[in-house]
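One file, final.pdb, is given below (PDB, C-alpha atoms).
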ATOM      1  CA  MET E   1      43.931  24.196  -1.066
ATOM      2  CA  ARG E   2      40.193  23.752  -1.484
ATOM      3  CA  VAL E   3      37.814  26.586  -0.693
ATOM      4  CA  ARG E   4      34.273  25.871   0.405
ATOM      5  CA  CYS E   5      31.799  27.468  -1.974
ATOM      6  CA  LEU E   6      30.822  30.800  -0.437
ATOM      7  CA  GLU E   7      27.874  31.626  -2.701
ATOM      8  CA  VAL E   8      25.747  28.818  -1.226
ATOM      9  CA  PHE E   9      24.719  27.732   2.227
ATOM     10  CA  VAL E  10      27.048  25.041   3.539
ATOM     11  CA  HIS E  11      25.609  22.466   5.935
ATOM     12  CA  THR E  12      27.472  19.795   7.843
ATOM     13  CA  PRO E  13      26.046  16.907   9.876
ATOM     14  CA  ASP E  14      24.552  17.845  13.241
ATOM     15  CA  GLU E  15      26.487  15.608  15.624
ATOM     16  CA  VAL E  16      24.116  16.257  18.530
ATOM     17  CA  GLU E  17      21.179  15.154  16.398
ATOM     18  CA  ILE E  18      23.096  12.091  15.193
ATOM     19  CA  ALA E  19      23.836  11.132  18.800
ATOM     20  CA  GLN E  20      20.156  11.442  19.700
ATOM     21  CA  LEU E  21      19.096   9.328  16.717
ATOM     22  CA  SER E  22      21.743   6.763  17.675
ATOM     23  CA  THR E  23      20.129   6.216  21.062
ATOM     24  CA  GLN E  24      16.834   5.404  19.324
ATOM     25  CA  PHE E  25      17.948   3.456  16.264
ATOM     26  CA  GLY E  26      21.543   2.364  16.839
ATOM     27  CA  ARG E  27      24.914   3.865  16.047
ATOM     28  CA  PRO E  28      25.301   4.491  12.299
ATOM     29  CA  HIS E  29      28.276   3.575  10.163
ATOM     30  CA  ARG E  30      30.179   6.623   8.929
ATOM     31  CA  HIS E  31      31.310   6.779   5.312
ATOM     32  CA  HIS E  32      32.895   9.629   3.358
ATOM     33  CA  ALA E  33      33.329  10.053  -0.385
ATOM     34  CA  THR E  34      35.227  12.765  -2.248
ATOM     35  CA  LEU E  35      33.984  13.124  -5.825
ATOM     36  CA  THR E  36      35.469  15.283  -8.570
ATOM     37  CA  VAL E  37      32.553  16.822 -10.463
ATOM     38  CA  SER E  38      31.827  19.345 -13.176
ATOM     39  CA  GLU E  39      31.193  22.998 -12.453
ATOM     40  CA  HIS E  40      27.604  22.514 -13.621
ATOM     41  CA  PHE E  41      26.986  19.743 -11.078
ATOM     42  CA  LEU E  42      28.612  21.734  -8.282
ATOM     43  CA  ARG E  43      26.475  24.789  -8.932
ATOM     44  CA  ARG E  44      23.276  22.803  -9.435
ATOM     45  CA  TRP E  45      23.768  20.941  -6.163
ATOM     46  CA  GLY E  46      24.664  24.182  -4.444
ATOM     47  CA  GLU E  47      21.272  25.546  -5.444
ATOM     48  CA  LYS E  48      19.612  22.624  -3.678
ATOM     49  CA  LEU E  49      21.365  23.566  -0.454
ATOM     50  CA  ARG E  50      19.575  26.899  -0.380
ATOM     51  CA  THR E  51      16.477  25.026   0.796
ATOM     52  CA  ARG E  52      17.796  21.803   2.355
ATOM     53  CA  ARG E  53      20.558  20.727   4.728
ATOM     54  CA  GLY E  54      20.931  17.167   3.499
ATOM     55  CA  GLU E  55      18.764  14.208   2.607
ATOM     56  CA  VAL E  56      17.285  11.040   4.058
ATOM     57  CA  LEU E  57      17.575   7.708   2.254
ATOM     58  CA  PHE E  58      15.008   5.099   3.270
ATOM     59  CA  LEU E  59      15.325   1.374   2.722
ATOM     60  CA  LEU E  60      11.834  -0.123   2.473
ATOM     61  CA  PRO E  61      11.853  -3.951   2.824
ATOM     62  CA  ARG E  62       8.917  -5.547   0.994
ATOM     63  CA  PRO E  63       7.951  -9.052  -0.182
ATOM     64  CA  GLY E  64      10.217  -8.895  -3.242
ATOM     65  CA  GLY E  65      13.165  -7.204  -1.562
ATOM     66  CA  VAL E  66      14.032  -3.551  -1.060
ATOM     67  CA  LEU E  67      12.025  -0.916  -2.936
ATOM     68  CA  VAL E  68      13.736   1.076  -5.708
ATOM     69  CA  HIS E  69      12.265   3.616  -8.093
ATOM     70  CA  ARG E  70      12.855   5.529 -11.277
ATOM     71  CA  LYS E  71      11.678   8.881 -12.574
ATOM     72  CA  THR E  72      10.405   9.633 -16.054
ATOM     73  CA  HIS E  73      13.482  11.674 -17.019
ATOM     74  CA  TYR E  74      16.045   9.038 -15.975
ATOM     75  CA  PRO E  75      18.007   7.242 -18.687
ATOM     76  CA  PRO E  76      16.612   3.816 -19.647
ATOM     77  CA  GLY E  77      17.353   1.087 -17.121
ATOM     78  CA  VAL E  78      18.323   3.461 -14.302
ATOM     79  CA  TRP E  79      16.833   2.773 -10.864
ATOM     80  CA  ARG E  80      17.778   3.897  -7.382
ATOM     81  CA  LEU E  81      16.784   3.833  -3.725
ATOM     82  CA  LEU E  82      14.319   6.412  -2.447
ATOM     83  CA  THR E  83      15.573   9.683  -0.963
ATOM     84  CA  GLY E  84      14.112  12.994   0.129
ATOM     85  CA  GLY E  85      15.420  16.348   1.267
ATOM     86  CA  VAL E  86      15.821  17.505   4.852
ATOM     87  CA  GLU E  87      14.537  21.064   4.792
ATOM     88  CA  LEU E  88      16.249  23.918   6.600
ATOM     89  CA  GLY E  89      15.185  23.852  10.242
ATOM     90  CA  GLU E  90      13.617  20.403   9.897
ATOM     91  CA  ALA E  91      14.662  17.475  12.086
ATOM     92  CA  VAL E  92      16.044  14.433  10.259
ATOM     93  CA  LEU E  93      13.419  12.143  11.809
ATOM     94  CA  ASP E  94      10.608  14.492  10.791
ATOM     95  CA  ALA E  95      11.970  14.610   7.247
ATOM     96  CA  LEU E  96      12.183  10.824   7.145
ATOM     97  CA  ARG E  97       8.560  10.377   8.165
ATOM     98  CA  ARG E  98       7.344  13.124   5.839
ATOM     99  CA  GLU E  99       9.263  11.913   2.799
ATOM    100  CA  VAL E 100       8.277   8.253   3.153
ATOM    101  CA  GLN E 101       4.611   9.231   3.451
ATOM    102  CA  GLU E 102       4.835  11.581   0.481
ATOM    103  CA  GLU E 103       6.610   9.102  -1.780
ATOM    104  CA  VAL E 104       4.830   5.803  -1.078
ATOM    105  CA  GLY E 105       1.722   6.687   0.933
ATOM    106  CA  TYR E 106       2.498   4.985   4.241
ATOM    107  CA  THR E 107       5.033   5.400   7.042
ATOM    108  CA  PRO E 108       6.621   2.253   8.476
ATOM    109  CA  PRO E 109       8.670   2.907  11.623
ATOM    110  CA  PRO E 110      12.466   3.134  11.352
ATOM    111  CA  ARG E 111      14.261  -0.031  12.497
ATOM    112  CA  ARG E 112      17.912   0.931  12.180
ATOM    113  CA  PHE E 113      20.032   4.015  11.599
ATOM    114  CA  VAL E 114      22.267   2.433   8.976
ATOM    115  CA  ALA E 115      24.754   5.135   8.015
ATOM    116  CA  VAL E 116      25.696   8.763   7.731
ATOM    117  CA  VAL E 117      27.289   9.259   4.341
ATOM    118  CA  THR E 118      29.156  12.525   3.855
ATOM    119  CA  TYR E 119      30.362  13.797   0.510
ATOM    120  CA  GLU E 120      32.715  16.441  -0.750
ATOM    121  CA  PHE E 121      31.955  17.500  -4.302
ATOM    122  CA  VAL E 122      35.126  19.003  -5.762
ATOM    123  CA  HIS E 123      35.671  21.128  -8.857
ATOM    124  CA  GLY E 124      39.077  22.765  -9.101
ATOM    125  CA  PRO E 125      39.699  24.737  -5.908
ATOM    126  CA  SER E 126      36.016  24.707  -4.901
ATOM    127  CA  ALA E 127      34.350  22.092  -2.731
ATOM    128  CA  LEU E 128      30.821  21.544  -1.479
ATOM    129  CA  PRO E 129      29.820  19.188   1.357
ATOM    130  CA  PHE E 130      26.631  17.148   1.450
ATOM    131  CA  VAL E 131      25.203  14.471   3.753
ATOM    132  CA  THR E 132      22.837  11.488   3.433
ATOM    133  CA  TYR E 133      21.190   9.942   6.506
ATOM    134  CA  MET E 134      20.340   6.295   5.743
ATOM    135  CA  PHE E 135      17.599   4.382   7.573
ATOM    136  CA  LEU E 136      16.263   0.846   7.333
ATOM    137  CA  MET E 137      12.499   0.894   7.820
ATOM    138  CA  ALA E 138      10.254  -1.899   9.098
ATOM    139  CA  TYR E 139       9.154  -4.626   6.697
ATOM    140  CA  SER E 140       5.725  -4.000   5.205
ATOM    141  CA  GLN E 141       3.297  -5.340   2.612
ATOM    142  CA  HIS E 142       1.250  -2.143   2.717
ATOM    143  CA  PRO E 143      -0.094  -1.162  -0.735
ATOM    144  CA  LEU E 144       1.931   1.577  -2.392
ATOM    145  CA  MET E 145       0.220   4.895  -3.089
ATOM    146  CA  LEU E 146       2.832   6.695  -5.158
ATOM    147  CA  SER E 147       3.059  10.469  -5.104
ATOM    148  CA  THR E 148       1.139  12.241  -7.851
ATOM    149  CA  ASP E 149       3.728  14.996  -8.290
ATOM    150  CA  GLY E 150       5.851  12.971 -10.705
ATOM    151  CA  GLU E 151       8.611  12.272  -8.216
ATOM    152  CA  VAL E 152       8.155   8.501  -8.492
ATOM    153  CA  ALA E 153       7.198   7.194 -11.932
ATOM    154  CA  GLU E 154       7.730   3.471 -11.347
ATOM    155  CA  THR E 155       8.888   1.114  -8.595
ATOM    156  CA  ARG E 156      10.188  -2.427  -8.262
ATOM    157  CA  GLU E 157      11.489  -4.632  -5.451
ATOM    158  CA  VAL E 158      15.030  -6.007  -5.708
ATOM    159  CA  SER E 159      17.441  -8.241  -3.824
ATOM    160  CA  LEU E 160      20.755  -6.995  -2.470
ATOM    161  CA  ASP E 161      22.505  -8.681  -5.411
ATOM    162  CA  GLU E 162      20.303  -6.724  -7.792
ATOM    163  CA  LEU E 163      20.991  -3.581  -5.786
ATOM    164  CA  ALA E 164      24.720  -4.139  -6.321
ATOM    165  CA  HIS E 165      24.050  -4.252 -10.062
ATOM    166  CA  ILE E 166      22.068  -1.017  -9.781
ATOM    167  CA  ALA E 167      25.048   0.584  -8.038
ATOM    168  CA  SER E 168      27.348  -0.517 -10.869
ATOM    169  CA  THR E 169      24.942   0.887 -13.456
ATOM    170  CA  LEU E 170      24.767   4.223 -11.661
ATOM    171  CA  GLY E 171      28.525   4.437 -11.292
ATOM    172  CA  ALA E 172      29.077   3.841 -15.004
ATOM    173  CA  LEU E 173      26.556   6.318 -16.435
ATOM    174  CA  PRO E 174      28.098   8.297 -19.291
ATOM    175  CA  GLY E 175      28.019  11.937 -20.277
ATOM    176  CA  ALA E 176      25.923  14.481 -18.443
ATOM    177  CA  TRP E 177      24.579  11.828 -16.065
ATOM    178  CA  GLY E 178      28.044  10.703 -14.971
ATOM    179  CA  ASP E 179      28.557  12.933 -11.914
ATOM    180  CA  TRP E 180      25.045  12.279 -10.642
ATOM    181  CA  GLY E 181      25.418   8.550 -11.188
ATOM    182  CA  ARG E 182      28.737   8.286  -9.333
ATOM    183  CA  PHE E 183      27.242  10.286  -6.461
ATOM    184  CA  ARG E 184      24.147   8.077  -6.248
ATOM    185  CA  ALA E 185      26.190   4.879  -6.531
ATOM    186  CA  VAL E 186      27.945   5.583  -3.210
ATOM    187  CA  ALA E 187      24.918   5.026  -0.947
ATOM    188  CA  HIS E 188      23.934   1.909  -2.909
ATOM    189  CA  ASP E 189      27.392   0.433  -2.395
ATOM    190  CA  VAL E 190      27.209   1.277   1.310
ATOM    191  CA  THR E 191      23.803  -0.413   1.555
ATOM    192  CA  THR E 192      24.995  -3.661  -0.001
ATOM    193  CA  ARG E 193      27.861  -3.777   2.523
ATOM    194  CA  LEU E 194      25.910  -2.879   5.662
ATOM    195  CA  VAL E 195      22.475  -4.455   5.205
ATOM    196  CA  SER E 196      22.002  -8.225   5.292
ATOM    197  CA  PRO E 197      19.387 -10.246   3.358
ATOM    198  CA  ASP E 198      17.975 -11.328   6.720
ATOM    199  CA  GLU E 199      17.122  -7.699   7.554
ATOM    200  CA  LEU E 200      14.973  -7.470   4.429
ATOM    201  CA  ALA E 201      13.046 -10.669   5.180
ATOM    202  CA  PRO E 202       9.595 -10.814   6.815
ATOM    203  CA  PRO E 203       9.915 -10.893  10.624
ATOM    204  CA  GLU E 204       8.753 -14.507  10.811
ATOM    205  CA  ASN E 205      11.535 -15.597   8.422
ATOM    206  CA  ARG E 206      14.443 -13.888  10.150
ATOM    207  CA  ALA E 207      17.177 -15.821  11.897
ATOM    208  CA  GLU E 208      17.151 -15.297  15.638
TER     209      GLU E 208
END
As structure tokens, the full file:
Amino acid sequence: MRVRCLEVFVHTPDEVEIAQLSTQFGRPHRHHATLTVSEHFLRRWGEKLRTRRGEVLFLLPRPGGVLVHRKTHYPPGVWRLLTGGVELGEAVLDALRREVQEEVGYTPPPRRFVAVVTYEFVHGPSALPFVTYMFLMAYSQHPLMLSTDGEVAETREVSLDELAHIASTLGALPGAWGDWGRFRAVAHDVTTRLVSPDELAPPENRAE
């Protein structure tokens, strides 16, 4: 029998808030992943939950595809979609707008509520839940103004096929990066299944 970690704050998705977001941006797909992780990962992620109740993941369609980024401390060749924390007491939509502005310097409107991805990180008898709220934002060619706090070191724009390769790379990371990579791979896999190339195209090029 698994026991939820008691030394950290445990947050589950707010179904009332999800229902409200669904009326604005469509009903999201629901996906759940159970991941066996190390004690170090479990405790490190538990520390994050002292100040946040989940995260937002934002898909930013641009001329070259969807925007991905890397940070200076990532292993070579590792990229991923942009995410940001939902702070305690903060609405998901407010977090989405704040994080997009902070990371890339502009705030395109959300187009679709793509998915709610829930996780259970498991180590022995202990388990910790987490949640990612995924949104597809409006297409934009707005110049990027990356955050100066080191959160985003470099960006590129990729197709969905390239995103699938990124997911595979994340899922196969070795050593100390393995748990983190398998966790991050989940949302990338979900994206490649639920988002179509047409949704990433400029509005004038989309099929009606």
Of the listed residues E:Leu21, E:Val66, E:Val116, E:Ala187, that which approaches Glu157 (chain E) most closely, counting all atoms listed in the file:
E:Val66
Can you measure CA of Asp14 (chain E) to CA of Leu93 (chain E) for me? One decimal in Å is fine.
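Distance reported for this atom pair: 12.6 Å.
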Straight-line distance linking CA of Pro13 (chain E) with CA of Val131 (chain E), stated in Å to one decimal
6.6 Å
Within 8 Å of Val56 (chain E) using only C-alpha atoms, minus same-chain residues under 3 positions, as a ChimeraX atom specification:
/E:83-86,92,95-96,132-135
Could you tell me how far CA of Pro76 (chain E) lies from CA of Pro129 (chain E), in Å and to one decimal?
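Going from CA of Pro76 (chain E) over to CA of Pro129 (chain E) covers 29.2 Å.
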Identify all residues satisfying the PyMOL selection byres ((chain E and resi 178) around 12) in the given file; provide them as a short mmCIF file (atom, residue, chain, number, x, y, z; two decimals) with C-alpha atoms, in the coordinates of the input.
data_model
loop_
_atom_site.label_atom_id
_atom_site.label_comp_id
_atom_site.auth_asym_id
_atom_site.auth_seq_id
_atom_site.Cartn_x
_atom_site.Cartn_y
_atom_site.Cartn_z
CA LEU E 35 33.98 13.12 -5.82
CA THR E 36 35.47 15.28 -8.57
CA VAL E 37 32.55 16.82 -10.46
CA SER E 38 31.83 19.34 -13.18
CA HIS E 40 27.60 22.51 -13.62
CA PHE E 41 26.99 19.74 -11.08
CA PRO E 75 18.01 7.24 -18.69
CA SER E 168 27.35 -0.52 -10.87
CA THR E 169 24.94 0.89 -13.46
CA LEU E 170 24.77 4.22 -11.66
CA GLY E 171 28.52 4.44 -11.29
CA ALA E 172 29.08 3.84 -15.00
CA LEU E 173 26.56 6.32 -16.43
CA PRO E 174 28.10 8.30 -19.29
CA GLY E 175 28.02 11.94 -20.28
CA ALA E 176 25.92 14.48 -18.44
CA TRP E 177 24.58 11.83 -16.07
CA ASP E 179 28.56 12.93 -11.91
CA TRP E 180 25.04 12.28 -10.64
CA GLY E 181 25.42 8.55 -11.19
CA ARG E 182 28.74 8.29 -9.33
CA PHE E 183 27.24 10.29 -6.46
CA ARG E 184 24.15 8.08 -6.25
CA ALA E 185 26.19 4.88 -6.53
#
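Against the coordinates shown, the PyMOL selection byres ((chain E and resi 112) around 7) returns Phe25, Gly26, Pro110, Arg111, Phe113, Val114, Phe135, Leu136 and Met137 of chain E.
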Which polymer residues have any atom within 10 Å of an atom of region 160-164 of chain E, counting all atoms listed in the file, with same-chain residues fewer than 5 positions away left out, as an MDAnalysis selection string?
chainID E and resid 65:68 79:81 169:170 185 188:193 195:197 200
Pick out the closest residue to His11 (chain E) from this set: E:Ala138, E:Leu88, E:Leu82, E:Leu42. Count only C-alpha atoms.
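Under the stated criterion, the closest residue is E:Leu88.
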